[in-house]
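The data block below is entry32.tsv; it holds TSV, C-alpha atoms and all ligand atoms.
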```
chain	number	residue	atom	x	y	z
A	15	MET	CA	117.38	146.45	120.11
A	16	VAL	CA	117.37	142.87	118.89
A	17	THR	CA	113.93	141.86	117.60
A	18	ARG	CA	113.17	138.18	117.77
A	19	LYS	CA	110.95	136.42	115.28
A	20	LYS	CA	107.71	135.21	116.84
A	21	ILE	CA	107.89	131.49	117.45
A	22	THR	CA	104.79	129.39	116.78
A	23	THR	CA	104.73	126.24	118.84
A	24	LEU	CA	103.10	123.03	117.63
A	25	THR	CA	100.37	123.38	120.25
A	26	GLU	CA	99.60	126.95	119.19
A	27	PHE	CA	99.56	125.93	115.54
A	28	ILE	CA	97.19	123.01	116.11
A	29	MET	CA	94.89	125.22	118.18
A	30	GLN	CA	94.86	127.92	115.49
A	31	ARG	CA	93.91	125.33	112.89
A	32	GLN	CA	91.16	124.02	115.14
A	33	TYR	CA	89.60	127.47	115.34
A	34	GLU	CA	89.29	127.41	111.55
A	35	TYR	CA	86.75	124.58	111.95
A	36	PRO	CA	83.80	126.06	113.86
A	37	HIS	CA	82.37	122.64	114.78
A	38	ALA	CA	85.63	121.10	115.93
A	39	ARG	CA	85.47	119.82	119.48
A	40	GLY	CA	89.20	119.70	120.07
A	41	SER	CA	89.51	115.89	119.94
A	42	LEU	CA	92.00	115.87	117.08
A	43	THR	CA	93.95	118.68	118.71
A	44	ARG	CA	94.30	116.61	121.86
A	45	LEU	CA	95.20	113.47	119.92
A	46	LEU	CA	97.97	115.24	117.98
A	47	ASN	CA	99.30	116.63	121.24
A	48	ASP	CA	99.37	113.10	122.66
A	49	ILE	CA	101.44	112.00	119.66
A	50	ALA	CA	103.84	114.92	120.16
A	51	THR	CA	104.27	114.01	123.83
A	52	ALA	CA	105.07	110.38	122.98
A	53	ALA	CA	107.51	111.58	120.29
A	54	LYS	CA	109.43	113.60	122.85
A	55	ILE	CA	109.74	110.62	125.17
A	56	VAL	CA	110.91	108.36	122.34
A	57	ASN	CA	113.34	111.06	121.22
A	58	ARG	CA	114.88	111.19	124.69
A	59	GLU	CA	115.34	107.43	124.71
A	60	ILE	CA	116.82	107.34	121.21
A	61	ASN	CA	119.32	110.06	122.09
A	62	ALA	CA	120.46	107.98	125.04
A	63	ALA	CA	120.61	104.73	123.05
A	64	GLY	CA	124.40	104.65	122.76
A	65	LEU	CA	124.76	105.42	126.45
A	66	VAL	CA	122.27	102.78	127.44
A	67	ASP	CA	124.30	100.23	125.51
A	68	ILE	CA	127.44	101.14	127.42
A	69	LEU	CA	125.66	101.09	130.78
A	70	GLY	CA	123.80	97.97	129.82
A	71	SER	CA	127.02	96.08	129.24
A	72	THR	CA	127.52	95.73	132.99
A	73	GLY	CA	124.23	93.91	133.40
A	74	SER	CA	121.03	93.55	131.48
A	75	GLU	CA	118.78	95.36	133.95
A	76	ASN	CA	118.13	99.07	134.35
A	77	VAL	CA	117.76	100.93	137.64
A	78	GLN	CA	114.16	99.87	138.11
A	79	GLY	CA	115.23	96.26	137.73
A	80	GLU	CA	113.50	95.94	134.35
A	81	THR	CA	115.17	94.21	131.48
A	82	GLN	CA	116.20	96.80	128.91
A	83	LYS	CA	113.73	96.87	126.08
A	84	LYS	CA	114.47	97.17	122.42
A	85	LEU	CA	113.77	100.67	121.16
A	86	ASP	CA	111.04	99.66	118.80
A	87	VAL	CA	109.15	97.94	121.60
A	88	PHE	CA	109.74	100.97	123.79
A	89	ALA	CA	108.44	103.32	121.07
A	90	ASN	CA	105.39	101.12	120.52
A	91	GLU	CA	104.52	101.09	124.20
A	92	THR	CA	105.12	104.81	124.58
A	93	PHE	CA	102.77	105.77	121.76
A	94	ILE	CA	100.11	103.29	122.89
A	95	THR	CA	100.26	104.60	126.45
A	96	ALA	CA	100.02	108.24	125.36
A	97	LEU	CA	97.11	107.61	123.02
A	98	ARG	CA	95.27	105.43	125.48
A	99	GLY	CA	95.69	107.97	128.26
A	100	GLY	CA	94.60	110.84	126.02
A	101	GLY	CA	91.19	109.24	125.51
A	102	GLU	CA	90.59	110.40	121.92
A	103	CYS	CA	91.77	107.23	120.19
A	104	CYS	CA	89.77	104.03	120.62
A	105	ALA	CA	92.08	101.61	118.78
A	106	ILE	CA	95.56	101.27	117.35
A	107	ALA	CA	97.06	99.17	114.57
A	108	SER	CA	100.82	98.94	114.91
A	109	GLU	CA	103.61	97.27	113.02
A	110	GLU	CA	104.60	95.71	116.33
A	111	ASN	CA	101.21	94.07	117.02
A	112	GLU	CA	99.59	91.37	114.96
A	113	LYS	CA	96.03	92.48	115.76
A	114	VAL	CA	94.25	95.75	116.39
A	115	ILE	CA	94.58	96.92	119.99
A	116	SER	CA	91.20	98.25	121.11
A	117	PHE	CA	90.94	100.19	124.33
A	118	ARG	CA	88.39	99.36	127.01
A	119	ASP	CA	89.22	102.33	129.20
A	120	GLN	CA	86.40	104.60	130.32
A	121	TYR	CA	87.27	107.43	127.89
A	122	ALA	CA	89.41	105.82	125.20
A	123	GLU	CA	86.69	103.23	124.48
A	124	HIS	CA	84.48	106.02	123.14
A	125	GLY	CA	87.22	107.91	121.30
A	126	ARG	CA	86.34	109.17	117.82
A	127	TYR	CA	89.59	108.18	116.14
A	128	VAL	CA	91.69	105.15	115.28
A	129	VAL	CA	95.44	105.33	114.73
A	130	ALA	CA	97.73	103.21	112.56
A	131	MET	CA	101.45	103.53	113.20
A	132	ASP	CA	104.96	102.37	112.57
A	133	PRO	CA	106.39	103.28	115.98
A	134	LEU	CA	110.00	103.03	114.86
A	135	ASP	CA	110.76	103.11	111.18
A	136	GLY	CA	114.23	102.22	109.98
A	137	SER	CA	115.03	100.54	113.26
A	138	SER	CA	117.89	98.54	111.76
A	139	ASN	CA	119.70	101.90	111.51
A	140	ILE	CA	119.67	102.56	115.27
A	141	GLU	CA	122.97	100.94	116.08
A	142	SER	CA	124.77	102.94	113.39
A	143	ASN	CA	123.36	106.27	114.61
A	144	VAL	CA	121.47	106.96	111.40
A	145	SER	CA	118.14	108.81	111.28
A	146	ILE	CA	115.02	106.86	112.14
A	147	GLY	CA	111.38	107.82	112.52
A	148	THR	CA	107.82	107.24	113.62
A	149	ILE	CA	104.93	107.25	111.13
A	150	PHE	CA	101.34	107.86	112.20
A	151	SER	CA	97.92	107.93	110.53
A	152	VAL	CA	94.63	109.05	112.02
A	153	TYR	CA	91.25	107.87	110.74
A	154	ARG	CA	87.78	108.68	111.94
A	155	ARG	CA	86.18	105.62	113.43
A	156	LEU	CA	83.46	104.29	111.10
A	157	GLY	CA	81.01	102.89	113.62
A	158	ASP	CA	79.19	104.61	116.47
A	159	THR	CA	81.40	105.59	119.42
A	160	ASN	CA	79.28	103.31	121.64
A	161	ASP	CA	79.76	100.22	119.43
A	162	PRO	CA	82.76	97.93	119.83
A	163	VAL	CA	85.56	98.92	117.48
A	164	THR	CA	86.42	96.39	114.75
A	165	GLU	CA	89.19	95.86	112.22
A	166	MET	CA	86.92	97.47	109.63
A	167	ASP	CA	87.27	100.77	111.48
A	168	ILE	CA	90.94	100.76	110.69
A	169	LEU	CA	91.04	99.13	107.23
A	170	GLN	CA	90.31	102.38	105.40
A	171	ALA	CA	91.77	103.80	102.21
A	172	GLY	CA	94.35	106.54	102.66
A	173	LYS	CA	92.03	109.08	101.04
A	174	GLU	CA	89.91	108.87	104.22
A	175	LEU	CA	92.80	110.03	106.40
A	176	VAL	CA	91.99	112.80	108.83
A	177	ALA	CA	95.66	113.41	109.60
A	178	ALA	CA	99.02	111.78	108.97
A	179	GLY	CA	102.61	112.56	109.71
A	180	TYR	CA	105.98	111.41	110.86
A	181	VAL	CA	108.59	112.22	113.43
A	182	ILE	CA	112.19	112.11	112.27
A	183	TYR	CA	114.85	111.54	114.91
A	184	GLY	CA	117.85	112.94	113.06
A	185	SER	CA	120.47	115.62	113.42
A	186	SER	CA	117.50	117.48	114.81
A	187	THR	CA	114.13	115.99	115.71
A	188	MET	CA	111.16	117.09	113.65
A	189	LEU	CA	107.46	116.41	113.56
A	190	VAL	CA	105.92	116.81	110.11
A	191	TYR	CA	102.18	116.43	109.66
A	192	SER	CA	99.14	117.29	107.60
A	193	THR	CA	95.43	117.41	108.26
A	194	GLY	CA	94.72	117.76	104.55
A	195	ARG	CA	95.54	121.46	104.29
A	196	GLY	CA	99.21	121.42	103.42
A	197	VAL	CA	102.21	119.98	105.21
A	198	ASN	CA	103.93	121.70	108.11
A	199	GLY	CA	107.16	120.81	109.87
A	200	PHE	CA	108.13	121.52	113.49
A	201	THR	CA	111.60	121.22	114.95
A	202	LEU	CA	112.07	120.16	118.55
A	203	ASP	CA	113.93	122.70	120.65
A	204	PRO	CA	115.57	120.24	123.04
A	205	SER	CA	116.41	122.91	125.61
A	206	VAL	CA	112.73	123.54	126.33
A	207	GLY	CA	111.17	120.37	124.89
A	208	ILE	CA	108.85	122.22	122.50
A	209	PHE	CA	108.20	121.61	118.82
A	210	CYS	CA	108.43	124.95	116.95
A	211	LEU	CA	107.13	125.69	113.45
A	212	SER	CA	110.27	125.69	111.29
A	213	HIS	CA	109.04	124.47	107.89
A	214	PRO	CA	105.65	126.04	107.07
A	215	ASN	CA	103.75	124.80	104.02
A	216	MET	CA	106.29	122.24	102.78
A	217	GLN	CA	106.21	121.55	99.04
A	218	PHE	CA	108.47	119.46	96.79
A	219	PRO	CA	110.89	121.90	95.13
A	220	GLY	CA	111.15	122.33	91.37
A	221	ASN	CA	113.91	120.66	89.36
A	222	PRO	CA	114.17	117.51	91.52
A	223	ARG	CA	117.35	115.52	91.01
A	224	ILE	CA	117.47	112.65	93.52
A	225	TYR	CA	116.43	109.03	93.21
A	226	SER	CA	116.33	106.72	96.24
A	227	VAL	CA	116.26	102.97	95.85
A	228	ASN	CA	117.99	99.92	97.31
A	229	GLU	CA	119.97	99.07	94.20
A	230	GLY	CA	121.19	95.85	95.78
A	231	ASN	CA	117.88	94.39	94.61
A	232	TYR	CA	118.28	95.74	91.07
A	233	VAL	CA	118.45	92.41	89.22
A	234	HIS	CA	115.11	91.39	90.76
A	235	PHE	CA	113.24	94.60	89.85
A	236	PRO	CA	110.52	94.74	87.16
A	237	GLN	CA	111.92	95.80	83.79
A	238	GLY	CA	110.13	99.17	83.95
A	239	VAL	CA	111.89	100.06	87.22
A	240	LYS	CA	115.26	98.96	85.83
A	241	SER	CA	114.73	101.16	82.77
A	242	TYR	CA	113.71	104.13	84.92
A	243	ILE	CA	116.86	103.74	87.03
A	244	LYS	CA	118.95	103.74	83.85
A	245	TYR	CA	117.05	106.86	82.74
A	246	CYS	CA	117.98	108.53	86.06
A	247	GLN	CA	121.65	107.69	85.40
A	248	GLU	CA	121.78	108.82	81.78
A	249	ASP	CA	123.34	112.11	80.69
A	250	ASP	CA	120.90	114.85	79.84
A	251	PRO	CA	122.19	118.22	81.01
A	252	GLU	CA	118.92	119.87	79.97
A	253	GLY	CA	116.88	117.46	82.08
A	254	GLY	CA	119.33	117.76	84.99
A	255	ARG	CA	120.46	114.16	84.57
A	256	PRO	CA	122.26	112.15	85.71
A	257	TYR	CA	120.36	112.39	88.97
A	258	THR	CA	122.03	111.84	92.31
A	259	SER	CA	121.47	108.56	94.14
A	260	ARG	CA	120.71	108.80	97.87
A	261	TYR	CA	119.42	105.93	100.02
A	262	ILE	CA	119.38	105.71	103.79
A	263	GLY	CA	117.15	102.70	104.37
A	264	SER	CA	114.71	104.54	106.65
A	265	LEU	CA	111.58	105.47	104.72
A	266	VAL	CA	110.99	108.49	106.94
A	267	ALA	CA	114.50	109.84	106.47
A	268	ASP	CA	114.60	109.10	102.74
A	269	PHE	CA	111.20	110.72	102.20
A	270	HIS	CA	112.03	113.72	104.36
A	271	ARG	CA	115.23	114.44	102.43
A	272	ASN	CA	113.42	113.98	99.13
A	273	LEU	CA	110.66	116.33	100.23
A	274	ILE	CA	113.17	119.03	101.09
A	275	LYS	CA	115.64	118.53	98.25
A	276	GLY	CA	113.41	117.05	95.54
A	277	GLY	CA	113.57	113.35	94.81
A	278	ILE	CA	111.71	110.11	94.17
A	279	PHE	CA	111.55	107.16	96.57
A	280	ILE	CA	111.33	103.75	94.91
A	281	TYR	CA	110.49	100.43	96.61
A	282	PRO	CA	109.17	98.04	93.97
A	283	GLY	CA	107.95	94.48	94.18
A	284	THR	CA	110.43	91.78	93.19
A	285	GLU	CA	110.01	88.22	91.94
A	286	ARG	CA	110.31	86.90	95.48
A	287	MET	CA	108.23	89.67	97.07
A	288	PRO	CA	105.76	90.88	94.42
A	289	GLN	CA	104.20	93.31	96.90
A	290	GLY	CA	107.55	94.73	97.96
A	291	LYS	CA	108.39	95.31	101.59
A	292	LEU	CA	106.58	98.39	102.81
A	293	ARG	CA	103.22	98.18	104.59
A	294	LEU	CA	100.26	99.92	103.04
A	295	LEU	CA	98.38	100.95	106.18
A	296	TYR	CA	101.08	102.50	108.31
A	297	GLU	CA	103.95	103.24	105.91
A	298	CYS	CA	102.71	103.85	102.35
A	299	SER	CA	99.31	105.52	102.96
A	300	PRO	CA	100.44	108.16	105.49
A	301	VAL	CA	103.53	109.02	103.45
A	302	ALA	CA	101.38	109.16	100.28
A	303	PHE	CA	99.00	111.55	102.05
A	304	LEU	CA	101.90	113.87	102.89
A	305	ALA	CA	103.35	113.55	99.39
A	306	GLU	CA	100.07	114.62	97.78
A	307	GLN	CA	99.65	117.44	100.26
A	308	ALA	CA	103.15	118.62	99.33
A	309	GLY	CA	102.25	118.73	95.63
A	310	GLY	CA	103.62	115.27	94.83
A	311	LYS	CA	102.29	111.85	93.90
A	312	ALA	CA	102.33	108.32	95.33
A	313	SER	CA	101.57	105.16	93.43
A	314	ASP	CA	101.97	101.39	93.54
A	315	GLY	CA	102.92	101.57	89.87
A	316	GLU	CA	99.34	101.38	88.63
A	317	ARG	CA	97.07	102.82	91.28
A	318	ARG	CA	97.04	105.89	93.46
A	319	ILE	CA	98.13	104.64	96.90
A	320	LEU	CA	95.40	106.67	98.64
A	321	ASP	CA	92.68	104.81	96.68
A	322	ILE	CA	93.73	101.34	97.85
A	323	ILE	CA	91.58	99.84	100.61
A	324	PRO	CA	93.74	97.52	102.73
A	325	GLN	CA	92.37	94.02	103.07
A	326	THR	CA	94.61	93.11	106.00
A	327	LEU	CA	96.48	95.12	108.63
A	328	HIS	CA	100.00	94.24	107.55
A	329	GLN	CA	99.46	94.13	103.80
A	330	ARG	CA	102.43	95.24	101.71
A	331	SER	CA	102.55	97.35	98.59
A	332	PRO	CA	105.07	98.44	95.99
A	333	PHE	CA	105.68	102.13	96.65
A	334	PHE	CA	106.80	105.01	94.47
A	335	THR	CA	106.52	108.54	95.78
A	336	GLY	CA	107.95	111.97	95.16
A	337	PRO	CA	107.45	114.99	92.92
A	338	HIS	CA	104.59	114.58	90.46
A	339	GLU	CA	106.69	114.63	87.30
A	340	MET	CA	109.13	112.01	88.58
A	341	VAL	CA	106.47	109.51	89.68
A	342	GLU	CA	104.57	110.04	86.43
A	343	LYS	CA	107.71	109.34	84.40
A	344	LEU	CA	108.35	106.14	86.36
A	345	GLU	CA	104.76	105.04	85.79
A	346	LEU	CA	105.27	105.48	82.03
A	347	PHE	CA	108.31	103.20	82.15
A	348	LEU	CA	106.27	100.64	84.13
A	349	GLN	CA	103.43	100.73	81.61
A	350	GLU	CA	105.82	100.19	78.74
A	351	ASP	CA	107.78	97.62	80.78
A	352	LEU	CA	110.75	98.08	78.44
B	1	LIG	P1	110.98	99.14	109.78
B	1	LIG	O1	112.25	99.51	110.47
B	1	LIG	O2	109.78	99.85	110.35
B	1	LIG	O3	110.78	97.66	109.66
B	1	LIG	O4	111.03	99.73	108.29
B	1	LIG	C1	112.15	99.53	107.49
B	1	LIG	C2	111.73	99.82	106.09
B	1	LIG	C3	111.78	101.29	105.67
B	1	LIG	O5	112.00	102.22	106.64
B	1	LIG	C4	112.87	101.35	104.64
B	1	LIG	O6	112.51	102.22	103.63
B	1	LIG	C5	113.01	99.94	104.18
B	1	LIG	O7	112.60	99.14	105.24
B	1	LIG	C6	114.40	99.60	103.80
B	1	LIG	O8	114.43	98.34	103.28
B	1	LIG	P2	115.72	97.69	102.60
B	1	LIG	O9	116.67	97.42	103.71
B	1	LIG	O10	115.20	96.45	101.94
B	1	LIG	O11	116.25	98.68	101.61
B	2	MN	MN	108.98	100.97	108.74
B	3	MN	MN	109.07	99.81	112.35
```
Go ahead and render the structure in this file as structure tokens.
Ligand code: AHG
Ligand code: MN
Ligand code: MN
Amino acid sequence: MVTRKKITTLTEFIMQRQYEYPHARGSLTRLLNDIATAAKIVNREINAAGLVDILGSTGSENVQGETQKKLDVFANETFITALRGGGECCAIASEENEKVISFRDQYAEHGRYVVAMDPLDGSSNIESNVSIGTIFSVYRRLGDTNDPVTEMDILQAGKELVAAGYVIYGSSTMLVYSTGRGVNGFTLDPSVGIFCLSHPNMQFPGNPRIYSVNEGNYVHFPQGVKSYIKYCQEDDPEGGRPYTSRYIGSLVADFHRNLIKGGIFIYPGTERMPQGKLRLLYECSPVAFLAEQAGGKASDGERRILDIIPQTLHQRSPFFTGPHEMVEKLELFLQEDL
């Protein structure tokens, strides 16, 4: 007789975790399920992207007579709709919206959580069929659930995160998240549309050997980053160097690979963009939260990312994240600036 391994679905897993908190009311469980539902819808659309392009070439309207939307707008609207309908989230900050979107709906208005998100990360990779993602962060609303929500409810340091995660739309689609008790990864079984626990308790592996950086910007990097890159490239068989260079250009995909295989992600400031490119609230902080939960580290070169309180919604930050020892080494190079 063939014995099958018991599958744990994302919903089962979230419920089990909820039972570990005797006072939990199930709000976060419902909110995470809303995110998973939106992810499945976005996944379906992304998988059809090439097809849509072919069909779209005969005219710019789809069967409902709507103009075909760009995928990042579609992803944004899908996540907003799911969270609004779920009623647990009272406001959203998104890369695609200049201001906080606060809900006035009967239930959502009184939701206990706020969400910050990058609905489609790495979207310039869509047309070349390279992995892209969604990043999400969940904070507890600061004010009373009967008071109007303000920007202050969402401008919180990453260390206040209740949950954070990403969805990677790749060779398979995965949802990886943490509520502050480790990182767990779920793979979408497309035949039944269910996320199944495939990567329990994810941790950076030992002996990491990958560095990920857009080296096209090398000449503009701070001296410390340049020296660290040279260090990565130098021969040291005992230290496992030279390291391997891998860069996709989707933070989610680069981080995910580095988490599984062991590597550092580097996006420094440059002379022209001293704060780099990545956004603190919905790119750096959630990824930093996962990195720490996976035994790693995340820094802006001087400070722990999770300690930084954003001053504005779309604020940028230099970002270095990966296994502890790698980020620490890079920080040493930055301090010495040699
Ligand atoms: P987004 O598609 O949400 O704007 O994010 C793109 C980001 C991030 O995913 C990636 O790490 C970085 O841009 C790549 O930037 P470069 O092209 O400058 O390397
Ligand atoms: Mn992004
Ligand atoms: Mn984006």
At a cut-off of 7 Å, can you tabulate as a tab-separated table every residue of chain A near ligand MN 2 (chain B) together with its closest atom pair and the distance in Å to one decimal, using all atoms listed in the file and ordering rows by chain then number?
```
residue	atom	partner	partner_atom	distance
A:Asp132	CA	B:MN2	MN	5.7
A:Leu134	CA	B:MN2	MN	6.5
A:Asp135	CA	B:MN2	MN	3.7
A:Gly136	CA	B:MN2	MN	5.5
A:Leu265	CA	B:MN2	MN	6.6
A:Leu292	CA	B:MN2	MN	6.9
A:Glu297	CA	B:MN2	MN	6.2
```
Preceding selection exported with C-alpha atoms as a short mmCIF file (atom, residue, chain, number, x, y, z; two decimals), in the coordinates of the input:
```
data_model
loop_
_atom_site.label_atom_id
_atom_site.label_comp_id
_atom_site.auth_asym_id
_atom_site.auth_seq_id
_atom_site.Cartn_x
_atom_site.Cartn_y
_atom_site.Cartn_z
CA ASP A 132 104.96 102.37 112.57
CA LEU A 134 110.00 103.03 114.86
CA ASP A 135 110.76 103.11 111.18
CA GLY A 136 114.23 102.22 109.98
CA LEU A 265 111.58 105.47 104.72
CA LEU A 292 106.58 98.39 102.81
CA GLU A 297 103.95 103.24 105.91
#
```
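Considering all atoms listed in the file, the residue among A:Ile94, A:Leu156, A:Cys246, A:Val87 positioned nearest to ligand LIG 1 (chain B) is A:Val87.
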**Request:** Give me the residues within 12 Å of A:Lys19 as an MDAnalysis selection string, counting only C-alpha atoms and dropping any in the same chain fewer than 5 places off.
**Result:** chainID A and resid 210:212
**Message:** 8 Å from ligand LIG 1 (chain B) is the threshold here; counting all atoms listed in the file, which polymer residues fall inside it? Answer as a list in words.
**Reply:**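 Checking all atoms listed in the file against ligand LIG 1 (chain B) at 8 Å gives Glu109, Asp132, Pro133, Leu134, Asp135, Gly136, Ser137, Ser138, Asn139, Ile146, Val227, Asn228, Ile262, Gly263, Ser264, Leu265, Val266, Asp268, Tyr281, Lys291 and Leu292 of chain A.
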**Request:** List every protein, DNA or RNA residue that has at least one atom no more than 10 Å from (117.5, 114.6, 105.9) in the file's coordinates, counting only C-alpha atoms, and write the result as JSON, numbers by chain.
**Result:** {"A": [145, 182, 183, 184, 185, 186, 262, 266, 267, 268, 269, 270, 271, 272, 273, 274, 275]}
A:Asn215 environment, 8 Å, all atoms listed in the file, sequence neighbours closer than 2 positions dropped, as a short mmCIF file (atom, residue, chain, number, x, y, z; two decimals) with C-alpha atoms, in the frame of the given file:
```
data_model
loop_
_atom_site.label_atom_id
_atom_site.label_comp_id
_atom_site.auth_asym_id
_atom_site.auth_seq_id
_atom_site.Cartn_x
_atom_site.Cartn_y
_atom_site.Cartn_z
CA GLY A 196 99.21 121.42 103.42
CA VAL A 197 102.21 119.98 105.21
CA ASN A 198 103.93 121.70 108.11
CA GLY A 199 107.16 120.81 109.87
CA HIS A 213 109.04 124.47 107.89
CA GLN A 217 106.21 121.55 99.04
CA ALA A 308 103.15 118.62 99.33
#
```
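Excluding A:His328 itself and same-chain residues fewer than 6 positions from it, the residues having an atom within 8 Å of it are Glu109, Glu112, Arg293, Leu294 and Leu295 of chain A, counting all atoms listed in the file.
With only C-alpha atoms as the basis for measurement, A:Ser299 is the residue among A:Ser299, A:Thr164, A:Asn221, A:Thr284 that approaches A:Val152 most closely.
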**Item:** Residue among A:Pro300, A:Gly309, A:Gly230, A:Pro214 lying closest to A:Tyr153, counting all atoms listed in the file
**Value:**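 Looking only at the distances to A:Tyr153, the closest residue turns out to be A:Pro300.
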**Message:** Report as number ranges by chain all protein, DNA and RNA residues lying within 8 Å of stretch 177-181 of chain A, evaluated on only C-alpha atoms, omitting residues in the same chain fewer than 5 positions from it.
**Reply:** A: 53, 147-153, 187-194, 266, 300-301, 303-304
